[in-house]
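Visitor: One structure coming up, written as structure tokens, with questions to follow.
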Amino acid sequence: MQTKNNILEAIGNTPLVKLNKVVEPGSADVFVKCEFMNPAGSIKDRMACYIIEKAEQEGLLKPGGTIVENTSGNTGMGAAMTAAAKGYRCVFTMPDKMSQEKIDGLRAFGAEVIITPTDVPGDSPDHYVNVAKRVAEETPGSFYLDQYHSQWNIEAHEVLTGQEIWDQTDGGQIDAVVVGTGTGGTASGIGRFFKKKNSPTQIIGVDPLGSVHYQIFKTGTMSTPYVYKVEGLGEDIVCKAFDPSVVDEMYQVNDYECFTMARRLIREEGLFCGGSSGGMAHIACELAKKMGPGKKIVCVLPDSGTRYVTKYLSDEWMKMHGFLEPDKGLGYIEDMLDTSREVITASETDTVTSLIELMKDKGISQVPVTAGSSKPIGIVHEVDVLRGLQRGEITTSSPIKGIEAPIGGLLHPKARVEELYGIFGADQAAIVIDNNKVVGVLSQIDLIEYLASKQK
């Protein structure tokens with residue numbers, strides 16, 4: 001008899017399946033890694049079980065203990081399944097944008113679920129990560145899984161997922177792996193495995209509009225996050241489980257692209273996967289067009305469509321949120337840049353007087369500040385100068401170093417125009433940077449003029 005000793009031994013060994021209908025003719029071959037076929041329905045089964053077993057080995061989790069975690073649902077399901085098989089109690093915190101199916105699934109395993117608001121900043125005590133930390137601190141014998149920052153998260157996907165993809169592709173005989181960045185652990189783990197093999201395979205990350213990973217990868221700084229609909233993809237905090245150094249390129253997707261492609265995967269390919277899978281498949285198909293025939297791409301499909309029957313799989317829900325209308329993307333930041341217009345910056349050693357003259361001469365109210373290179377270290381607004389002079393903290397002969405404010409709105413030229421809404425909503429200017437050089441400064445009037453020109 002071929003049997004498993006418990007359900008945890010059924011984790012992994014998911015198949016690679018070729019896409020036949022959603023990939024345009026003349027494109028590279030795209031093979032999807034069907035992680036929704038894991039026993040609890042997602043790729044997170046691998047990481048959750050791996051971390052829990054590591055915690056047992058290290059003595060951090062003992063019999064009768066409680067597993068605590070913040071989750072968008074899938075890690076919780078994997079951890080709840082593992083806890084049920086091993087006899088642990090579970091408490092999970094989850095943002096209120098997550099589907100009812102995920103909440104009910106966690107409770108079916110016997111877990112306690114605490115629902116928190118979605119639209120709160122990462123440092124809010126009500127943010128689901130901070131609530132989980134508080135519960136862990138207050139619960140005797142608890143182990144906080146900490147998927148967003150645990151290096152065991154990366155290790156799990158290096159040891160398990162990366163090795164598996166390598167073996168299934170005859171020793172990594174593929175040109176690219178496309179994988180989403182939620183915690184970042186999957187992309188980082190697969191990336192580390194392939195990089196250690198000195199493989200030429202490109203590791204391609206996918207991030208949704210509103211998440212912070214894309215800008216962290218492009219500029220090393222955190223963008224202003226905002227709410228989006230797709231679940232299990234992207235994040236609004238800096239995750240230590242994300243190692244950008246092993247990712248070769250990143251692309252952004254919007255909710256429309258995620259949901260539309262996910263519905264196509266189900267109806268045209270028979271792959272019952274979730275919305276984030278649609279985002280990764282969308283990028284994989286776009287990449288396949290660029291690469292052309294003879295190339296091979298692996299795309300990870302992280303979770304099952306069973307989590308979203310009342311959401312993107314519902315025509316009514318799609319209509320309610322405007323996703324059955326044709327996509328009306330606004331284009332890319334580079335489309336807004338006026339290459340004939342001089343980009344004005346100031347050095348941190350410039351004096352306040354020279355800065356005032358610069359603003360007056362150029363008719364501008366904010367100037368990016370650089371230090372020893374063309375990369376910006378901050379931005380000075382008129383009000384910063386005014387307050388500094390008013391308080392006596394600076395004089396007209398003072399260097400401007402020290403009065404600059406942090407830049408909250410760094411963008412890459414290939415970022416989507418929609419990213420500006422989050423930046424302007426936080427009352428910030430958008431600094432466009434390419435190869436560590438400022439190539440544009442965008443304000444709300446630039447966006448207004450751009451939208452007006454598109455209407456014409």
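We label chains A, B, ... in the order they appear in the structure tokens, count residues from 1 in each chain, and number ligands from 1 in the order shown.
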I'd like the neighbourhood of stretch 296-306 of chain A as a list in words, where a residue qualifies if any of its atoms comes within 7 Å (using only C-alpha atoms), though same-chain residues fewer than 2 positions away should be ignored.
Guide: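 Skipping anything fewer than 2 positions along the chain leaves Ala28, Asp29, Val30, Phe31, Val32, Lys33, Cys34, Glu35, Phe36, Gly41, Ser42, Ile43, Ile174, Asp175, Ala176, Val177, Val178, Val179, Phe272, Cys273, Gly274, Ser277, Met280, Ala281, Ala284, Gly294, Tyr308 and Val309 of chain A.
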Visitor: Just the residues within 12 Å of A:Pro326, please, counting only C-alpha atoms, with nothing from its chain fewer than 4 positions along; format it as number ranges by chain.
Guide: A: 256-257, 260, 318-319, 322
Visitor: Run DSSP on the backbone and grab whatever in stretch 98-212 of chain A lands in alpha helix (DSSP H); send it over as a CSV table (one decimal) with C-alpha atoms, in the first residue's frame.
Guide:
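The result, written out as part.csv:
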chain,number,residue,atom,x,y,z
A,100,GLN,CA,-15.8,35.0,4.1
A,101,GLU,CA,-14.7,31.6,2.7
A,102,LYS,CA,-11.2,32.1,4.3
A,103,ILE,CA,-12.7,33.1,7.7
A,104,ASP,CA,-15.0,30.1,7.7
A,105,GLY,CA,-12.2,27.8,6.6
A,106,LEU,CA,-10.0,28.8,9.5
A,107,ARG,CA,-12.8,28.4,11.9
A,108,ALA,CA,-13.6,24.9,10.5
A,128,TYR,CA,-3.6,43.0,11.9
A,129,VAL,CA,0.2,42.4,12.3
A,130,ASN,CA,0.3,44.5,15.5
A,131,VAL,CA,-2.8,42.8,16.9
A,132,ALA,CA,-1.2,39.4,16.3
A,133,LYS,CA,2.0,40.5,18.1
A,134,ARG,CA,-0.1,41.7,21.0
A,135,VAL,CA,-2.1,38.4,21.2
A,136,ALA,CA,1.2,36.4,21.1
A,137,GLU,CA,2.7,38.5,24.0
A,138,GLU,CA,-0.4,38.1,26.1
A,151,GLN,CA,13.9,33.9,7.6
A,152,TRP,CA,12.4,30.4,7.8
A,153,ASN,CA,9.8,31.6,5.4
A,154,ILE,CA,12.5,32.2,2.7
A,155,GLU,CA,14.3,29.0,3.7
A,156,ALA,CA,11.1,26.9,3.3
A,163,GLN,CA,14.3,22.5,-5.4
A,164,GLU,CA,11.0,21.2,-6.7
A,165,ILE,CA,10.9,23.6,-9.6
A,166,TRP,CA,14.5,22.8,-10.4
A,167,ASP,CA,13.9,19.1,-10.4
A,168,GLN,CA,10.7,19.3,-12.5
A,185,GLY,CA,9.2,34.6,0.9
A,186,THR,CA,8.3,32.6,-2.1
A,187,ALA,CA,10.1,34.8,-4.6
A,188,SER,CA,13.1,35.2,-2.2
A,189,GLY,CA,13.4,31.5,-1.6
A,190,ILE,CA,13.1,30.4,-5.2
A,191,GLY,CA,15.5,33.2,-6.1
A,192,ARG,CA,18.1,32.2,-3.6
A,193,PHE,CA,18.0,28.6,-4.8
A,194,PHE,CA,18.4,29.5,-8.5
A,195,LYS,CA,21.1,32.1,-7.7
A,196,LYS,CA,23.1,29.6,-5.7
Visitor: Write down as a list in words the residues of stretch 152-226 of chain A whose backbone DSSP state falls under strand (DSSP E).
Guide: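 Across stretch 152-226 of chain A, those assigned strand (DSSP E) are Ala176, Val177, Val178, Val179, Gly180, Gln202, Ile203, Ile204, Gly205, Val206, Asp207 and Pro208 of chain A.
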Visitor: Counting only C-alpha atoms, which residue out of A:Ile394, A:Ser223, A:Val22, A:Asp335 sits closest to A:Phe424?
Guide: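 Looking at the shortest contact to A:Phe424, the residue is A:Ser223.
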Visitor: Between atom CA of A:Ala80 and atom CA of A:Ile51, what is the distance, to one decimal in Å?
Guide: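 Atom CA of A:Ala80 sits 12.7 Å away from atom CA of A:Ile51.
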Visitor: Which residue gives the smallest distance to A:Met222 among A:Arg89, A:Glu325, A:Pro406, A:Met320, with only C-alpha atoms counted?
Guide: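 Residue with the minimum atom-to-atom distance to A:Met222: A:Pro406.
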